[in-house]
>>> print(open('structure15.txt').read())   # compact mmCIF, C-alpha atoms
# COMPACT_ATOMS: atom_id res chain seq x y z
CA MET I 14 -197.13 162.53 16.79
CA ALA I 15 -200.58 162.05 15.40
CA ASP I 16 -199.18 161.17 12.02
CA PHE I 17 -196.94 158.42 13.29
CA ASP I 18 -198.00 154.83 13.25
CA GLN I 19 -197.16 151.96 15.39
CA ILE I 20 -197.60 148.77 13.46
CA ILE I 21 -197.65 145.35 14.99
CA VAL I 22 -196.20 143.09 12.35
CA GLY I 23 -197.53 139.58 12.25
CA GLU I 24 -200.69 137.78 11.43
CA GLU I 25 -202.69 140.98 11.54
CA TRP I 26 -201.86 144.63 10.91
CA GLU I 27 -202.77 146.95 13.63
CA SER I 28 -202.09 150.63 14.21
CA THR I 29 -202.12 152.08 17.67
CA ASP I 30 -201.13 155.36 19.25
CA LEU I 31 -197.45 155.68 19.85
CA SER I 32 -196.42 155.75 23.44
CA LEU I 33 -195.55 159.15 24.77
CA LEU I 34 -192.25 157.84 26.04
CA GLU I 35 -191.27 156.56 22.60
CA THR I 36 -191.80 160.02 21.14
CA LEU I 37 -190.05 161.80 23.98
CA ASP I 38 -187.10 159.45 23.68
CA HIS I 39 -186.58 160.50 20.07
CA VAL I 40 -186.96 164.20 20.70
CA LEU I 41 -185.02 164.57 23.92
CA ASN I 42 -182.22 162.14 23.48
CA ARG I 43 -181.34 162.41 19.83
CA GLY I 44 -181.11 164.76 16.92
CA LEU I 45 -178.15 166.77 15.72
CA VAL I 46 -176.22 168.24 18.61
CA ILE I 47 -175.10 171.57 17.33
CA ALA I 48 -173.08 174.07 19.31
CA GLY I 49 -175.90 176.36 20.36
CA GLU I 50 -175.17 179.02 22.94
CA ILE I 51 -177.32 177.11 25.39
CA THR I 52 -177.79 173.35 25.05
CA ILE I 53 -178.85 170.69 27.48
CA SER I 54 -176.15 168.38 28.73
CA VAL I 55 -176.20 164.60 28.74
CA ALA I 56 -176.53 164.69 32.53
CA ASP I 57 -179.66 166.83 32.15
CA ILE I 58 -181.16 164.34 29.73
CA ASP I 59 -180.74 161.45 32.14
CA LEU I 60 -182.34 163.57 34.81
CA ILE I 61 -185.26 164.38 32.50
CA PHE I 62 -185.84 160.69 31.88
CA VAL I 63 -186.06 159.89 35.55
CA GLY I 64 -188.89 162.42 35.75
CA LEU I 65 -190.53 161.27 32.53
CA ASN I 66 -190.49 157.62 33.52
CA VAL I 67 -192.39 158.54 36.63
CA LEU I 68 -194.71 160.78 34.64
CA VAL I 69 -195.66 158.30 31.97
CA SER I 70 -195.97 155.42 34.38
CA SER I 71 -199.41 156.87 34.90
CA VAL I 72 -201.51 156.70 31.75
CA GLU I 73 -203.83 159.32 33.13
CA THR I 74 -200.99 161.78 33.53
CA ALA I 75 -199.77 161.09 30.03
CA HIS I 76 -203.20 161.86 28.63
CA GLU I 77 -203.30 164.99 30.71
CA VAL I 78 -200.04 166.13 29.17
CA LEU I 79 -201.34 165.55 25.67
CA ARG I 80 -204.58 167.32 26.39
CA LYS I 81 -202.72 170.32 27.79
CA ARG I 82 -200.55 170.38 24.73
CA GLU I 83 -203.62 170.75 22.57
CA ILE I 84 -205.19 173.43 24.71
CA GLU I 85 -202.12 175.56 25.32
CA MET R 24 -192.35 189.72 23.78
CA SER R 25 -189.84 191.07 26.26
CA GLU R 26 -186.21 190.08 25.89
CA SER R 27 -185.95 186.97 23.79
CA VAL R 28 -183.54 184.34 22.54
CA TYR R 29 -183.87 181.88 19.63
CA TYR R 30 -184.97 178.28 19.82
CA VAL R 31 -183.83 176.29 16.77
CA TYR R 32 -185.79 173.19 15.64
CA CYS R 33 -184.24 171.89 12.46
CA ILE R 34 -182.24 172.70 9.34
CA ALA R 35 -183.18 172.17 5.71
CA GLU R 36 -182.35 173.49 2.25
CA SER R 37 -183.54 177.03 1.58
CA SER R 38 -184.72 176.15 -1.94
CA ALA R 39 -186.92 173.38 -0.54
CA VAL R 40 -188.42 175.35 2.33
CA ALA R 41 -189.28 178.22 0.01
CA GLN R 42 -192.02 175.92 -1.31
CA LEU R 43 -193.56 175.53 2.15
CA SER R 44 -196.39 177.86 2.96
CA ALA R 45 -195.60 179.94 6.04
CA ASP R 46 -199.29 180.03 7.00
CA SER R 47 -199.62 176.33 7.54
CA LEU R 48 -196.63 175.92 9.86
CA PRO R 49 -197.59 174.50 13.26
CA ALA R 50 -197.46 176.44 16.53
CA ALA R 51 -194.08 177.37 17.97
CA ILE R 52 -192.74 175.98 21.24
CA GLU R 53 -193.89 179.05 23.18
CA GLU R 54 -196.83 181.33 22.58
CA ASP R 55 -196.53 184.86 21.23
CA ALA R 56 -194.00 183.92 18.59
CA GLN R 57 -194.12 182.60 15.05
CA LEU R 58 -191.82 180.09 13.45
CA GLU R 59 -189.41 181.73 11.07
CA TRP R 60 -186.85 180.48 8.60
CA ILE R 61 -183.41 181.98 8.99
CA VAL R 62 -181.82 181.66 5.58
CA VAL R 63 -178.14 181.77 4.70
CA SER R 64 -177.41 180.93 1.09
CA THR R 65 -178.53 177.33 0.39
CA LEU R 66 -179.45 176.47 4.00
CA ALA R 67 -182.28 177.49 6.31
CA ALA R 68 -182.79 176.99 10.05
CA LEU R 69 -186.29 176.95 11.51
CA ALA R 70 -186.43 178.99 14.70
CA SER R 71 -188.77 180.91 16.95
CA ARG R 72 -188.20 183.51 19.63
CA VAL R 73 -188.62 182.37 23.22
CA PRO R 74 -188.48 184.43 26.44
CA LYS R 75 -184.93 184.85 27.68
CA ILE R 76 -186.18 184.61 31.23
CA THR R 77 -187.45 181.04 30.63
CA TYR R 78 -184.63 179.77 28.43
CA SER R 79 -181.58 181.17 30.21
CA GLU R 80 -179.12 178.42 31.12
CA GLU R 81 -180.13 178.48 34.78
CA GLN R 82 -183.89 178.68 34.23
CA LEU R 83 -183.88 176.02 31.54
CA THR R 84 -182.07 173.54 33.77
CA GLU R 85 -184.65 174.26 36.43
CA HIS R 86 -187.62 173.79 34.05
CA LEU R 87 -186.23 170.53 32.66
CA THR R 88 -186.64 168.90 36.05
CA ASP R 89 -190.39 169.47 35.67
CA ALA R 90 -191.43 166.46 33.60
CA THR R 91 -194.78 167.94 32.54
CA TRP R 92 -193.20 171.20 31.39
CA THR R 93 -190.60 169.26 29.41
CA ALA R 94 -193.03 166.73 27.93
CA ILE R 95 -195.35 169.43 26.59
CA ARG R 96 -192.49 171.31 24.95
CA ALA R 97 -190.89 168.17 23.60
CA MET R 98 -194.20 167.34 21.90
CA ARG R 99 -194.35 170.81 20.36
CA HIS R 100 -190.77 170.47 19.14
CA GLU R 101 -191.72 167.13 17.64
CA THR R 102 -194.83 168.53 15.92
CA VAL R 103 -192.74 171.23 14.25
CA VAL R 104 -189.93 168.94 13.10
CA GLU R 105 -192.38 166.29 11.94
CA TYR R 106 -194.27 168.83 9.84
CA VAL R 107 -191.10 169.88 8.02
CA ALA R 108 -189.62 166.37 7.76
CA LYS R 109 -192.78 165.12 6.04
CA ARG R 110 -192.27 167.69 3.29
CA VAL R 111 -188.55 168.31 2.81
CA THR R 112 -185.24 166.67 3.71
CA THR R 113 -184.69 167.76 7.29
CA ILE R 114 -181.89 167.66 9.86
CA PRO R 115 -183.66 167.48 13.23
CA LEU R 116 -181.84 169.21 16.08
CA ARG R 117 -181.74 168.00 19.63
CA PHE R 118 -184.38 169.50 21.94
CA ALA R 119 -183.50 172.89 23.47
CA THR R 120 -180.83 174.24 21.16
CA ILE R 121 -180.78 177.96 21.97
CA TYR R 122 -179.04 180.91 20.36
CA LEU R 123 -178.89 184.27 22.08
CA GLU R 124 -178.88 186.21 18.82
CA ARG R 125 -180.08 185.69 15.30
CA ASP R 126 -176.51 186.36 14.18
CA GLY R 127 -175.34 183.26 15.99
CA ILE R 128 -177.63 181.05 13.89
CA GLU R 129 -176.49 182.72 10.67
CA GLU R 130 -172.88 182.22 11.69
CA MET R 131 -173.49 178.54 12.44
CA LEU R 132 -175.18 178.02 9.06
CA THR R 133 -172.24 179.70 7.33
CA GLU R 134 -169.50 177.89 9.21
CA GLN R 135 -171.12 174.44 9.08
CA ALA R 136 -172.53 174.78 5.57
CA ARG R 137 -170.39 172.04 4.05
CA ASP R 138 -171.06 169.44 6.76
CA LEU R 139 -174.77 170.25 6.89
CA GLN R 140 -175.11 169.95 3.14
CA LEU R 141 -173.32 166.60 3.29
CA ILE R 142 -175.74 165.32 5.93
CA ILE R 143 -178.70 166.46 3.85
CA GLU R 144 -177.38 164.55 0.85
CA GLN R 145 -177.10 161.38 2.96
CA LEU R 146 -180.66 161.78 4.20
CA ARG R 147 -182.39 162.74 0.98
CA GLY R 148 -185.39 160.53 0.23
CA ARG R 149 -184.93 158.57 3.45
CA GLU R 150 -186.91 158.13 6.64
CA GLU R 151 -186.27 156.63 10.01
CA TRP R 152 -188.22 153.56 11.12
CA GLY R 153 -188.14 152.09 14.58
CA VAL R 154 -188.34 148.35 15.20
CA ASN R 155 -189.17 147.01 18.65
CA VAL R 156 -188.81 143.33 19.46
CA TYR R 157 -191.02 141.89 22.20
CA SER R 158 -190.78 138.48 23.75
CA ASP R 159 -193.64 136.63 25.41
CA ARG R 160 -191.90 134.57 28.08
CA THR R 161 -194.65 132.00 28.52
CA ALA R 162 -194.95 131.28 24.80
CA LEU R 163 -191.20 131.17 24.42
CA LEU R 164 -190.65 128.76 27.32
CA SER R 165 -193.34 126.38 26.13
CA SER R 166 -192.09 126.39 22.54
CA ILE R 167 -188.48 125.95 23.58
CA THR R 168 -189.12 122.35 24.67
CA SER R 169 -190.50 121.40 21.29
CA VAL R 170 -187.56 122.87 19.35
CA SER R 171 -184.76 121.66 21.62
CA PRO R 172 -184.12 117.87 21.26
CA VAL R 173 -181.98 117.79 24.42
CA LEU R 174 -184.79 119.30 26.44
CA ARG R 175 -187.41 117.00 24.94
CA GLU R 176 -185.37 113.93 25.79
CA LEU R 177 -184.94 115.12 29.37
CA VAL R 178 -188.68 115.68 29.69
CA GLU R 179 -189.37 112.13 28.49
CA GLN R 180 -186.83 110.66 30.91
CA ALA R 181 -188.28 112.67 33.78
CA GLU R 182 -191.73 111.24 33.07
CA LYS R 183 -190.43 107.68 33.44
CA ALA R 184 -188.16 108.32 36.42
CA SER R 185 -188.93 107.80 40.10
CA PRO R 186 -190.54 110.76 41.92
CA GLY R 187 -187.26 111.75 43.58
CA GLN R 188 -185.24 111.54 40.38
CA SER R 189 -188.01 113.21 38.43
CA TYR R 190 -187.99 116.17 40.84
CA LEU R 191 -184.27 116.74 40.35
CA MET R 192 -184.55 116.35 36.58
CA GLN R 193 -187.39 118.83 36.47
CA LYS R 194 -185.16 121.38 38.24
CA LYS R 195 -182.50 120.83 35.62
CA ILE R 196 -185.05 121.15 32.81
CA ASP R 197 -186.38 124.44 34.16
CA ALA R 198 -182.87 125.90 34.43
CA MET R 199 -182.03 124.75 30.91
CA LYS R 200 -185.24 126.18 29.51
CA VAL R 201 -184.35 129.63 30.81
CA ASP R 202 -180.86 129.48 29.29
CA GLU R 203 -182.08 128.09 25.99
CA ALA R 204 -184.81 130.71 25.81
CA ARG R 205 -182.38 133.54 26.44
CA ALA R 206 -180.05 132.22 23.76
CA ALA R 207 -182.94 131.84 21.32
CA VAL R 208 -184.09 135.43 21.85
CA ASN R 209 -180.58 136.76 21.31
CA ARG R 210 -180.20 134.72 18.14
CA ILE R 211 -183.48 136.04 16.77
CA ILE R 212 -182.62 139.65 17.67
CA ASP R 213 -179.30 139.34 15.84
CA GLN R 214 -181.12 137.93 12.86
CA VAL R 215 -183.66 140.78 12.88
CA GLU R 216 -180.82 143.30 12.91
CA GLU R 217 -178.95 141.56 10.10
CA LYS R 218 -181.95 141.06 7.81
CA LEU R 219 -183.32 144.58 8.25
CA LYS R 220 -179.91 146.14 7.76
CA GLU R 221 -179.88 144.45 4.36
CA GLN R 222 -183.11 146.30 3.53
CA SER R 223 -181.93 149.70 4.79
CA ASP R 224 -179.04 152.13 4.50
CA ASP R 225 -178.11 152.05 8.14
CA GLY R 226 -179.26 150.45 11.37
CA LEU R 227 -178.65 151.10 15.03
CA ARG R 228 -179.47 149.21 18.18
CA LEU R 229 -180.84 151.65 20.75
CA ARG R 230 -180.84 151.55 24.49
CA ILE R 231 -184.03 150.48 26.20
CA LEU R 232 -185.21 153.16 28.59
CA LYS R 233 -187.07 150.95 30.96
CA VAL R 234 -188.31 147.40 31.08
CA GLU R 235 -191.61 147.68 29.31
CA THR R 236 -194.06 144.88 29.59
CA THR R 237 -196.96 145.16 27.22
CA GLU R 238 -199.62 142.82 25.96
CA HIS R 239 -197.02 141.66 23.44
CA GLY R 240 -194.51 140.67 26.11
CA GLU R 241 -191.35 142.27 27.32
CA LEU R 242 -189.39 144.70 25.16
CA LYS R 243 -186.11 142.96 24.36
CA ALA R 244 -184.54 145.13 21.66
CA LYS R 245 -185.03 148.48 19.97
CA PHE R 246 -183.61 149.40 16.60
CA ALA R 247 -183.65 152.41 14.32
CA PHE R 248 -183.22 152.00 10.57
CA LEU R 249 -182.62 154.55 7.86
CA VAL R 250 -184.89 153.48 5.02
CA LYS R 251 -185.29 154.86 1.51
CA ARG R 252 -188.88 155.94 0.89
CA SER R 253 -188.80 153.97 -2.35
CA GLY R 254 -187.60 150.87 -0.47
CA PHE R 255 -190.08 150.90 2.37
CA GLU R 256 -192.31 148.16 0.95
CA GLU R 257 -189.38 145.75 0.84
CA PHE R 258 -188.33 146.77 4.33
CA ARG R 259 -191.83 146.18 5.67
CA ASP R 260 -192.10 142.85 3.88
CA ALA R 261 -188.82 141.71 5.41
CA ALA R 262 -190.10 142.71 8.86
CA GLU R 263 -193.32 140.84 8.14
CA ARG R 264 -191.45 137.68 7.19
CA LEU R 265 -189.32 137.85 10.34
CA ALA R 266 -192.42 138.37 12.46
CA GLN R 267 -194.14 135.33 10.97
CA GLU R 268 -191.05 133.18 11.23
CA HIS R 269 -190.65 133.83 14.96
CA GLN R 270 -194.25 134.20 16.00
CA ALA R 271 -194.43 130.63 17.33
CA ALA R 272 -191.50 131.37 19.64
CA GLY R 273 -193.51 134.18 21.24
CA LEU R 274 -191.68 137.01 19.46
CA ARG R 275 -193.47 140.15 18.27
CA LEU R 276 -192.14 142.88 16.02
CA GLU R 277 -193.44 146.39 16.06
CA LEU R 278 -192.65 149.08 13.50
CA THR R 279 -192.85 152.74 14.42
CA GLY R 280 -192.47 155.66 12.06
CA PRO R 281 -191.75 157.32 9.82
CA TRP R 282 -189.72 159.47 12.17
CA PRO R 283 -187.59 162.50 11.40
CA VAL R 284 -184.10 161.01 11.18
CA TYR R 285 -183.19 161.72 14.80
CA ASN R 286 -180.89 158.73 15.14
CA PHE R 287 -178.88 159.28 11.99
CA VAL R 288 -177.55 162.76 12.58
CA THR R 289 -175.88 162.27 15.96
CA GLY R 290 -172.15 162.35 16.45
CA PHE R 291 -171.67 165.59 14.54
CA THR R 292 -171.05 168.39 17.00
CA GLY R 293 -170.42 171.29 14.70
>>> encode(input="structure15.txt", output="structure tokens")
Amino acid sequence: MADFDQIIVGEEWESTDLSLLETLDHVLNRGLVIAGEITISVADIDLIFVGLNVLVSSVETAHEVLRKREIE
Amino acid sequence: MSESVYYVYCIAESSAVAQLSADSLPAAIEEDAQLEWIVVSTLAALASRVPKITYSEEQLTEHLTDATWTAIRAMRHETVVEYVAKRVTTIPLRFATIYLERDGIEEMLTEQARDLQLIIEQLRGREEWGVNVYSDRTALLSSITSVSPVLRELVEQAEKASPGQSYLMQKKIDAMKVDEARAAVNRIIDQVEEKLKEQSDDGLRLRILKVETTEHGELKAKFAFLVKRSGFEEFRDAAERLAQEHQAAGLRLELTGPWPVYNFVTGFTG
């Protein structure tokens, strides 16, 4: 994620950190669905997003997740 | 590691991944396992072993309800795919694609070889860029009066009218403003899609997960575009022109990327 940019197009150029949700949306919801022996179902994905929306509604929690990711 | 299964991240060409140094690959999704390329002829799948006890169908479903558990692993998945996609043409797989045996992955690569190779050809030299369109309601509503002659005339009449008449006219003006503003936003969004499709190989309008209000206004549309690396400057310039054109109406454009091509490999189910 660190290498991705978010660019506000307009009078000035500005790069900011991508939102966690934006990244998670790409990873969880998309990508080639290949017939693995275990795959998550569409129903699971919607369920995940209910949880994630709650999770990232708190910026603190989102930072916590990222910090953990670096430590673990 | 005790009993394990295989987590698969992405697929690429074996000749291309042979150039990647194994030492510099990022960490796998779970500890105690390295990323490894499983090669069959011209194709290679990037995988790592994960504990069977965690990634069994039942356990995985359970874990996925834990948003923190899922978010951490989704970020690791992303880090791995991003690393590869920056270096070679990559087919990103959906999160949590699990094979019980290594043989299963080899079989998949063999059976799907033709389709996978076709997808790789379509993606070669291309990246995914996201475009988000935000609308600032206050700026839009105030600018709408100046661009709509009907509205401007009504405003002038209301100023001259008696207090009672003026009140009713103001109600009408407010209702019209909302409708006109909505129509204007939709027109601009269609134009953004059309213009940026001209500068890319493919474009998709994505669903909006939740109503996001940021300092740039409310998120009104989300797109993904498949853009040639060599054509990115033109793509960005087109986005820049659109942003400047609609800035006065309170519209903001945001580019995100380059992403692995998550949105341009769906629909193929093997």
>>> atom_distance(input="structure15.txt", atom1="CA of Val284 in chain R", atom2="CA of Ser223 in chain R")
13.2 Å
>>> residues_near_point(input="structure15.txt", point="(-187.2, 180.3, 21.4)", cutoff="6 Å", atoms="all atoms listed in the file", output="PyMOL selection string")
chain R and resi 28-30+71-73
>>> interface_residues(input="structure15.txt", of="chain R", to="chain I", cutoff="8 Å", atoms="only C-alpha atoms", output="NGL selection string")
:R and (79-80 or 84 or 87-91 or 93-95 or 97-102 or 105 or 114-123 or 233 or 262-263 or 266-267 or 270 or 275-282 or 284-293)
>>> write_last_selection(input="structure15.txt", atoms="C-alpha atoms", output="compact mmCIF listing (two decimals), in the frame of the given file")
# COMPACT_ATOMS: atom_id res chain seq x y z
CA SER R 79 -181.58 181.17 30.21
CA GLU R 80 -179.12 178.42 31.12
CA THR R 84 -182.07 173.54 33.77
CA LEU R 87 -186.23 170.53 32.66
CA THR R 88 -186.64 168.90 36.05
CA ASP R 89 -190.39 169.47 35.67
CA ALA R 90 -191.43 166.46 33.60
CA THR R 91 -194.78 167.94 32.54
CA THR R 93 -190.60 169.26 29.41
CA ALA R 94 -193.03 166.73 27.93
CA ILE R 95 -195.35 169.43 26.59
CA ALA R 97 -190.89 168.17 23.60
CA MET R 98 -194.20 167.34 21.90
CA ARG R 99 -194.35 170.81 20.36
CA HIS R 100 -190.77 170.47 19.14
CA GLU R 101 -191.72 167.13 17.64
CA THR R 102 -194.83 168.53 15.92
CA GLU R 105 -192.38 166.29 11.94
CA ILE R 114 -181.89 167.66 9.86
CA PRO R 115 -183.66 167.48 13.23
CA LEU R 116 -181.84 169.21 16.08
CA ARG R 117 -181.74 168.00 19.63
CA PHE R 118 -184.38 169.50 21.94
CA ALA R 119 -183.50 172.89 23.47
CA THR R 120 -180.83 174.24 21.16
CA ILE R 121 -180.78 177.96 21.97
CA TYR R 122 -179.04 180.91 20.36
CA LEU R 123 -178.89 184.27 22.08
CA LYS R 233 -187.07 150.95 30.96
CA ALA R 262 -190.10 142.71 8.86
CA GLU R 263 -193.32 140.84 8.14
CA ALA R 266 -192.42 138.37 12.46
CA GLN R 267 -194.14 135.33 10.97
CA GLN R 270 -194.25 134.20 16.00
CA ARG R 275 -193.47 140.15 18.27
CA LEU R 276 -192.14 142.88 16.02
CA GLU R 277 -193.44 146.39 16.06
CA LEU R 278 -192.65 149.08 13.50
CA THR R 279 -192.85 152.74 14.42
CA GLY R 280 -192.47 155.66 12.06
CA PRO R 281 -191.75 157.32 9.82
CA TRP R 282 -189.72 159.47 12.17
CA VAL R 284 -184.10 161.01 11.18
CA TYR R 285 -183.19 161.72 14.80
CA ASN R 286 -180.89 158.73 15.14
CA PHE R 287 -178.88 159.28 11.99
CA VAL R 288 -177.55 162.76 12.58
CA THR R 289 -175.88 162.27 15.96
CA GLY R 290 -172.15 162.35 16.45
CA PHE R 291 -171.67 165.59 14.54
CA THR R 292 -171.05 168.39 17.00
CA GLY R 293 -170.42 171.29 14.70
>>> atom_distance(input="structure15.txt", atom1="CA of Leu249 in chain R", atom2="CA of Pro49 in chain R")
25.5 Å
>>> residues_around(input="structure15.txt", residues="Thr168 in chain R", least_positions_apart="6", cutoff="10 Å", atoms="all atoms listed in the file", output="list in words")
Leu174, Arg175, Glu176, Leu177, Val178, Ile196, Met199, Lys200, Glu203 and Ala204 of chain R
>>> residues_around(input="structure15.txt", residues="Glu59 in chain R", least_positions_apart="4", cutoff="10 Å", atoms="all atoms listed in the file", output="list in words")
Val31, Ala45, Leu48, Ala51, Ala67, Ala68, Leu69, Ala70, Ser71 and Arg72 of chain R
>>> atom_distance(input="structure15.txt", atom1="CA of Asp46 in chain R", atom2="CA of Val62 in chain R")
17.6 Å
>>> residues_around(input="structure15.txt", residues="Glu257 in chain R", least_positions_apart="2", cutoff="12 Å", atoms="all atoms listed in the file", output="ChimeraX atom specification")
/R:218-223,250-255,259-264
>>> residues_around(input="structure15.txt", residues="Ala247 in chain R", least_positions_apart="2", cutoff="9 Å", atoms="all atoms listed in the file", output="list in words")
Glu151, Trp152, Gly153, Val154, Asn155, Asp225, Gly226, Leu227, Arg228, Leu229, Lys245, Leu249, Asn286 and Phe287 of chain R
>>> closest_residue(input="structure15.txt", among="R:Ala184, R:Val103, R:Leu146, R:Val40", to="Asp224 in chain R", atoms="only C-alpha atoms")
R:Leu146
>>> residues_around(input="structure15.txt", residues="Ala206 in chain R", least_positions_apart="5", cutoff="12 Å", atoms="all atoms listed in the file", output="PyMOL selection string")
chain R and resi 163-164+167+171+199-201+211-213
